[in-house]
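Student: I'd like to ask some things about the structure below.
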Amino acid sequence: MLTGNEIRARFLKFFEERGHTMVASSSLVPHNDPTLLFTNAGMNQFKDCFLGQEKRSYVRATTSQKCVRAGGKHNDLENVGRTARHHTFFEMLGNFSFGDYFKKEAIAYAWEFLTKDMGLDIERLYVSVYTTDDEAANIWHHQEGVPRERIFRFEEDNFWSMGDTGPCGPCSEIFYDNGAEIGCDSPDCTVGCDCDRYMEIWNNVFMQFDRQPDGELIPLPKPAVDTGMGLERLTTVMQKVQSNYDTDLLRDIIAHIEKLSGKAYGNNNENDVSMRVMADHSRATAYLIADGVLPSNEGRGYVLRRIMRRAMRHAKMLGFEGPVLFKTAVFVLDFMAKAYPTEAERKDFVAKVVQNEEERFITTLGNGLRILQDEIAQLKEAGQTLIPGETVFKLYDTYGFPVDLTADIVEKDGYSLDEAGFEACMEEQRKKAREHWKGSGEEAVSAIYKQLVDDGVTSTFSGYEKIEDTGAVLALIKDGELVDEGVCGEKVEVITTVTPCYGESGGQVGDTGTICTKDASLRIIDTKKPLENLFSHVCEVVTGAVQKGAEATVRVDAERRQKIVLNHTATHLLQAALQDILGDHIKQAGSLVTPERLRFDFTHFSPLTPEEIVKIEAEVNAQIRVNAAVQSQVMTADAAQAAGAMALFGEKYGDEVRVISVGDYSMELCGGTHASAAGDIGLFRIISEGGIAAGVRRIEAVTGDGALAQVHQQQQTLQRLANLVKSDPQQLEARLVKILERQKEMERELTTLESRLKAGQADDIMSQAVEIAGVRVLAAQVESTDAKGLRDMADKLRDKLGSGVLAIGCASDGKANLLVAVTKDLTKQLHAGKLVAALAAEVGGRGGGRPDLAQAGGPEADKVDAALAKLAGLVETTIQG
């Protein structure tokens, strides 16, 4: 019996032997496609090839592509682990033709692989074609010998398009008959039925049309083929099992979870579901993090967090009390290392990210579950089954519970979520999320640049060696349109045959400078690099008029460039120092290099201590004093990796890469501009360090003149502070210690006075206590205070009350705050949580809590007295009712 790994290898080898180039799986983070959250199909990395906007060195390709589909509503995620074939992470086997072969060959390859290489029983295979695709139907029948009665025609499921316009075409699918015992027992059960009997295993997409805006289908000059076959599905067929989770691709991971948990798979349905969830989610977690996604509350990071926290909850249901998902994620990377070796090298980093997230969530899970249990108890008493949106939001916002996790927890008890209420609470967060998402995916390249490249327009970068160069104006762009001329006062983009100006990329900002032609002078505001080998100068025409075809001299602002190169080389030294001092888990998570400063984002799971910051800064400055030469080499990506060069993981690199070395201290893949030697940097100073997301820290620093200016600024600030407290800089610390000690002493005296005042206020309030149905009842408005102040006051009043119930409230910051306390001897008769909930309705709010103490709030601060006035009636009704 073939293993899943062997099936994957056999597929790739089959197509390699038939002239296909084996292409590595692309990152799960799509490049140059802001429409996609994650890579979800094998064709994603070839999208521009199919559109004719990118030409590669091959016209046939084959891949095994990592895919994630988990961006939908929570029910999609909820199905994972409960059905045989729902997954967040899966592998898509594919073969592709970019204008080379078409239907005859694609169909022949698919049939040969399945029936000859895999040895599947032809009698159990069926095919489908698009309703009107007689060509494909005839190929199946005449070329491959498939009987007409085993060829089905479908419309909706058998036509594929990339969007509303563009490449599209009919599909032809291959189905495997799992047997009547797997079916729905309907006499009408056949190919296309929703049951699991006839399972689609291969889909051939024949891209032969270009859909126009008016819907017309125009034949493409070079039709293409895009195929996809789920590895997990094919493995179920080859290993003769009915569930993807019973294949060795997932069963080995489940076996590892059995070992860790001490529980056997197959003995308990709920445990089985939890193990399947952990197995699937461990794969998604491992590979998303390995490709650079980190858990957060927005965009891709939020989807990852949803997946991880669902797995963590199921781990808890299996009896795990501490972190365990990090162990299963590492097992996945080791288990699949032969297919994805680069990701396996990042397992230590993946483990640290997962363990950190687990530890964070474990601390809040218990508190969140208690809140949810209290809410369910109240709903049960009221005979209701809808969890309020405010509670769902609180669990999300305060305790990090994704909505689908909350839904998953309450579903088995018959409760559902007020999703509309939750959405209302999330309005502001959703607005922010939309703003974040605008920049969380790579921007799509404007069609105008792709058109230029298609027309043969390219520009050469000479800025590694020069800061001035001369070439011809190849193109002018104004307002997104190609023009022949730009006149004084206009803003235009200028593309020249050669340029010394660096185009913004890799975190380094674009160069500025000037362009001069015989008839015009232009100021370069920015330089962009929209595509490989295409540089665009964003310019303002200062004098004259610039024409397409004119000879142009392009000059870089040399002083500004020099500041940028110092900061960029310092960034490389900083990353090396961080790894030396903090550990190998440090990975770049983003950067910005400008003339004024550098910004470096990196993976780390705790704030840097002052001692660590000093050590890192000292290490970088030590390397600056070593003054090692900065050297660049161009080599193959494999050679660079073998040499130990650091790469930004998840980044897309070409066959050849540029490697920057600073002596033997730092080696990175980098296309930016750099200093000649480390000593050119002069001085390096860290100006800030802080967290920007879970597990991601940010350092901002300055170099050279900027660092010297920062030292002078700090000295001046120190002198001003010393003057303020009548000291000198050398004695400032001792002077401040004395001032702070005196301040603390005065604060203690103030606290004592306030306590005496509150005790006196409590005595005054006690005079308002009355007896209702044999119970002492006290309701009073107190001076404005916060929630803690109310609790302190309630403790004093309850001690004085002895036995009874009290309610106090106040208006604070325009809102009403209420508290109800019931002495222990009365909690079986009176419930503080229920009482405060009734009072809260008067101030337009909600509340609840324990039987002996509960708090609430509301927006109507002017109704505190009215709310408190209700207490006596509530007590009387409850006691007598």
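Letters A, B, ... go to the chains of the structure tokens in the order shown; residues in each chain start at 1; ligands are counted from 1 in the same order.
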Quick one: residues within 8 Å of segment 506-520 of chain A, only C-alpha atoms, excluding same-chain residues fewer than 5 positions away - as an MDAnalysis selection string?
Tutor: chainID A and resid 501 525:528 541:546 550:557 560:561 564 568 590:594 670:672
Student: As a list in words, please: the residues near Ala640 of chain A (cut-off 12 Å, only C-alpha atoms, same-chain neighbours under 6 positions excluded).
Tutor: Ser632, Gln633, Val634, Met646, Ala647, Tyr653, Gly654, Asp655, Glu656, Val657, Arg658, Val659, Ile660, Ser661, Met667, Glu668, Leu669 and Cys670 of chain A
Student: Apply DSSP to the structure's backbone, then extract all residues of segment 561-744 of chain A labelled strand (DSSP E or B) and return them as a ChimeraX atom specification.
Tutor: /A:588-593,598-603,629-636,646,656-662,666-669,677,684-693,696-703
Student: Within 9 Å of segment 228-240 of chain A, which residues of segment 37-75 of chain A come that close, and what is the closest atom pair and distance in Å for each? Count only C-alpha atoms and give it as a tab-separated table.
Tutor:
residue	atom	partner	partner_atom	distance
A:Ala41	CA	A:Gly228	CA	7.7
A:Gly42	CA	A:Gly228	CA	6.8
A:Met43	CA	A:Gly228	CA	8.4
A:Ser64	CA	A:Leu231	CA	8.4
Student: With only C-alpha atoms as the atoms that count, which of A:Asp196, A:Glu689, A:Asp680, A:Glu123 lies nearest to Ala180 of chain A?
Tutor: A:Asp196
Student: What's around segment 386-402 of chain A at 6 Å? Count only C-alpha atoms, leave out sequence neighbours fewer than 4 positions away in its own chain, and write the answer as a list of chain:residue names.
Tutor: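 Non-adjacent residues within range: A:Arg306, A:Thr364, A:Gly368, A:Tyr415, A:Ser416, A:Leu417, A:Asp418, A:Gly421, A:Phe422.
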Student: Those same residues, written as a PDB file, in the first residue's frame with N, CA, C and O atoms?
Tutor:
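Output file out30.pdb is given in full below:
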ATOM      1  N   ARG A 306      -7.920  31.929  15.314  1.00  0.00           N
ATOM      2  CA  ARG A 306      -9.165  31.139  15.420  1.00  0.00           C
ATOM      3  C   ARG A 306      -8.855  29.652  15.347  1.00  0.00           C
ATOM      4  O   ARG A 306      -9.368  28.854  16.140  1.00  0.00           O
ATOM      5  N   THR A 364      -6.420  32.935  30.026  1.00  0.00           N
ATOM      6  CA  THR A 364      -7.720  33.607  29.889  1.00  0.00           C
ATOM      7  C   THR A 364      -8.864  32.634  29.657  1.00  0.00           C
ATOM      8  O   THR A 364     -10.032  33.003  29.843  1.00  0.00           O
ATOM      9  N   GLY A 368     -12.797  33.152  30.852  1.00  0.00           N
ATOM     10  CA  GLY A 368     -13.813  33.277  29.811  1.00  0.00           C
ATOM     11  C   GLY A 368     -14.890  32.219  29.934  1.00  0.00           C
ATOM     12  O   GLY A 368     -16.089  32.500  29.768  1.00  0.00           O
ATOM     13  N   TYR A 415     -27.524  25.996  22.692  1.00  0.00           N
ATOM     14  CA  TYR A 415     -27.541  27.457  22.676  1.00  0.00           C
ATOM     15  C   TYR A 415     -26.952  27.978  21.367  1.00  0.00           C
ATOM     16  O   TYR A 415     -26.147  27.316  20.716  1.00  0.00           O
ATOM     17  N   SER A 416     -27.379  29.167  20.980  1.00  0.00           N
ATOM     18  CA  SER A 416     -26.849  29.811  19.778  1.00  0.00           C
ATOM     19  C   SER A 416     -26.434  31.234  20.121  1.00  0.00           C
ATOM     20  O   SER A 416     -26.700  31.722  21.227  1.00  0.00           O
ATOM     21  N   LEU A 417     -25.790  31.917  19.172  1.00  0.00           N
ATOM     22  CA  LEU A 417     -25.246  33.252  19.415  1.00  0.00           C
ATOM     23  C   LEU A 417     -26.111  34.331  18.775  1.00  0.00           C
ATOM     24  O   LEU A 417     -26.635  34.154  17.671  1.00  0.00           O
ATOM     25  N   ASP A 418     -26.211  35.451  19.464  1.00  0.00           N
ATOM     26  CA  ASP A 418     -26.828  36.646  18.879  1.00  0.00           C
ATOM     27  C   ASP A 418     -25.758  37.315  18.015  1.00  0.00           C
ATOM     28  O   ASP A 418     -25.086  38.249  18.445  1.00  0.00           O
ATOM     29  N   GLY A 421     -26.183  41.067  17.311  1.00  0.00           N
ATOM     30  CA  GLY A 421     -25.756  41.900  18.439  1.00  0.00           C
ATOM     31  C   GLY A 421     -24.253  41.999  18.529  1.00  0.00           C
ATOM     32  O   GLY A 421     -23.693  43.057  18.815  1.00  0.00           O
ATOM     33  N   PHE A 422     -23.584  40.875  18.267  1.00  0.00           N
ATOM     34  CA  PHE A 422     -22.122  40.885  18.271  1.00  0.00           C
ATOM     35  C   PHE A 422     -21.595  41.812  17.182  1.00  0.00           C
ATOM     36  O   PHE A 422     -20.671  42.597  17.415  1.00  0.00           O
TER      37      PHE A 422
END
Student: Considering only alpha helix (DSSP H) as DSSP defines it on the backbone, what residues of segment 193-296 of chain A qualify? List them as a ChimeraX atom specification.
Tutor: /A:231-238,248-261,269-290
Student: Got a sec: who's within 9 Å of segment 257-267 of chain A, counting only C-alpha atoms, leaving out chain neighbours fewer than 4 positions off, as a ChimeraX atom specification?
Tutor: /A:252-253,271-272,275,278-279,315,318-320,324,328
Student: Write out as a list in words which residues come within 9 Å of segment 22-26 of chain A when counting only C-alpha atoms, dropping same-chain ones fewer than 2 positions away.
Tutor: Leu12, Lys13, Phe15, Glu16, His20, Leu28, Val29, Pro30, His31, Thr39, Gly42, Asn44, Gln45, Arg60, Ala61, Thr62, Thr63, Ser64, Gln65, Lys66, Tyr340, Gly650 and Lys652 of chain A
Student: How would the residues just picked look written out with N, CA, C and O atoms as a compact mmCIF listing (two decimals), in the first residue's frame?
Tutor:
# COMPACT_ATOMS: atom_id res chain seq x y z
N LEU A 12 4.51 13.79 -8.77
CA LEU A 12 5.48 14.78 -9.26
C LEU A 12 6.46 14.14 -10.25
O LEU A 12 6.80 14.74 -11.28
N LYS A 13 6.91 12.92 -9.95
CA LYS A 13 7.84 12.23 -10.84
C LYS A 13 7.17 11.93 -12.18
O LYS A 13 7.77 12.07 -13.26
N PHE A 15 4.88 13.54 -13.82
CA PHE A 15 4.81 14.70 -14.71
C PHE A 15 6.19 15.25 -15.05
O PHE A 15 6.39 15.81 -16.14
N GLU A 16 7.15 15.10 -14.14
CA GLU A 16 8.52 15.51 -14.47
C GLU A 16 9.03 14.69 -15.66
O GLU A 16 9.69 15.23 -16.56
N HIS A 20 7.46 18.25 -17.54
CA HIS A 20 7.00 19.31 -16.64
C HIS A 20 8.12 19.70 -15.68
O HIS A 20 8.84 18.82 -15.17
N LEU A 28 1.95 30.10 1.74
CA LEU A 28 0.51 30.20 2.01
C LEU A 28 0.03 31.64 2.01
O LEU A 28 -1.16 31.90 2.00
N VAL A 29 0.98 32.59 2.03
CA VAL A 29 0.64 34.01 1.90
C VAL A 29 0.81 34.37 0.43
O VAL A 29 1.92 34.38 -0.09
N PRO A 30 -0.29 34.65 -0.28
CA PRO A 30 -0.20 34.89 -1.72
C PRO A 30 0.60 36.15 -2.04
O PRO A 30 0.53 37.14 -1.31
N HIS A 31 1.35 36.10 -3.14
CA HIS A 31 2.11 37.26 -3.58
C HIS A 31 1.36 37.95 -4.72
O HIS A 31 0.79 37.31 -5.59
N THR A 39 -3.24 31.23 0.08
CA THR A 39 -3.14 30.39 -1.12
C THR A 39 -4.11 29.23 -0.95
O THR A 39 -4.03 28.48 0.03
N GLY A 42 -3.56 25.28 -6.40
CA GLY A 42 -2.25 25.15 -7.02
C GLY A 42 -1.97 26.23 -8.04
O GLY A 42 -0.82 26.61 -8.27
N ASN A 44 -2.67 29.40 -7.96
CA ASN A 44 -2.49 30.77 -7.48
C ASN A 44 -1.14 31.36 -7.87
O ASN A 44 -1.05 32.51 -8.31
N GLN A 45 -0.07 30.57 -7.70
CA GLN A 45 1.26 31.12 -7.99
C GLN A 45 1.50 31.29 -9.49
O GLN A 45 2.45 31.95 -9.89
N ARG A 60 5.47 24.04 -19.01
CA ARG A 60 4.78 22.96 -18.31
C ARG A 60 5.29 22.93 -16.87
O ARG A 60 6.50 23.04 -16.64
N ALA A 61 4.38 22.78 -15.91
CA ALA A 61 4.80 22.76 -14.51
C ALA A 61 3.98 21.73 -13.74
O ALA A 61 2.85 21.39 -14.12
N THR A 62 4.55 21.26 -12.64
CA THR A 62 3.82 20.38 -11.72
C THR A 62 4.18 20.77 -10.30
O THR A 62 5.33 21.16 -10.03
N THR A 63 3.22 20.68 -9.40
CA THR A 63 3.45 21.10 -8.02
C THR A 63 2.65 20.23 -7.05
O THR A 63 1.67 19.60 -7.42
N SER A 64 3.10 20.27 -5.81
CA SER A 64 2.27 19.85 -4.68
C SER A 64 2.17 21.10 -3.81
O SER A 64 3.15 21.50 -3.17
N GLN A 65 0.99 21.72 -3.82
CA GLN A 65 0.83 23.05 -3.22
C GLN A 65 0.15 22.98 -1.85
O GLN A 65 -0.89 22.37 -1.69
N LYS A 66 0.80 23.61 -0.87
CA LYS A 66 0.14 23.78 0.43
C LYS A 66 -1.03 24.73 0.25
O LYS A 66 -0.89 25.79 -0.39
N TYR A 340 8.44 19.22 2.50
CA TYR A 340 8.59 20.65 2.75
C TYR A 340 9.78 20.88 3.70
O TYR A 340 9.60 21.23 4.87
N GLY A 650 8.76 33.18 3.65
CA GLY A 650 7.50 33.54 3.02
C GLY A 650 7.69 34.47 1.85
O GLY A 650 6.78 34.72 1.08
N LYS A 652 9.13 35.72 -1.84
CA LYS A 652 9.30 35.06 -3.14
C LYS A 652 10.62 35.51 -3.75
O LYS A 652 10.84 36.69 -3.98
Student: Identify, on the basis of only C-alpha atoms, every residue whose closest approach to segment 731-735 of chain A does not exceed 12 Å; exclude the query and any residue fewer than 3 positions from it along the same chain; express the result as a VMD selection string.
Tutor: chain A and resid 717 to 728 738 to 742
Student: Please produce a file of those selected residues containing C-alpha atoms, as a CSV table (one decimal), in the first residue's frame.
Tutor:
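Full text of part-v3.csv as output:
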chain,number,residue,atom,x,y,z
A,717,THR,CA,17.0,66.8,28.2
A,718,LEU,CA,19.0,65.5,31.2
A,719,GLN,CA,20.4,69.0,31.9
A,720,ARG,CA,16.9,70.5,31.8
A,721,LEU,CA,15.5,67.9,34.2
A,722,ALA,CA,18.4,68.5,36.5
A,723,ASN,CA,17.7,72.2,36.5
A,724,LEU,CA,14.0,71.6,37.3
A,725,VAL,CA,14.9,69.8,40.5
A,726,LYS,CA,17.8,72.1,41.4
A,727,SER,CA,20.5,69.4,40.8
A,728,ASP,CA,23.2,68.6,38.3
A,738,LYS,CA,14.3,61.5,47.4
A,739,ILE,CA,11.5,63.4,45.7
A,740,LEU,CA,9.6,60.1,44.9
A,741,GLU,CA,10.0,58.8,48.4
A,742,ARG,CA,8.5,62.0,49.8
Student: Figure out the distance between atom CA of Val403 of chain A and atom CA of Glu419 of chain A, please, to one decimal in Å.
Tutor: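 Straight-line distance from atom CA of Glu419 of chain A to atom CA of Val403 of chain A works out to 8.7 Å.
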Student: Could you check the closest approach to Asn5 of chain A for each of A:Arg276, A:Lys338, A:Arg82, A:Lys380 and tell me which residue wins, using only C-alpha atoms?
Tutor: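 Result for the nearest residue to Asn5 of chain A: A:Lys338.
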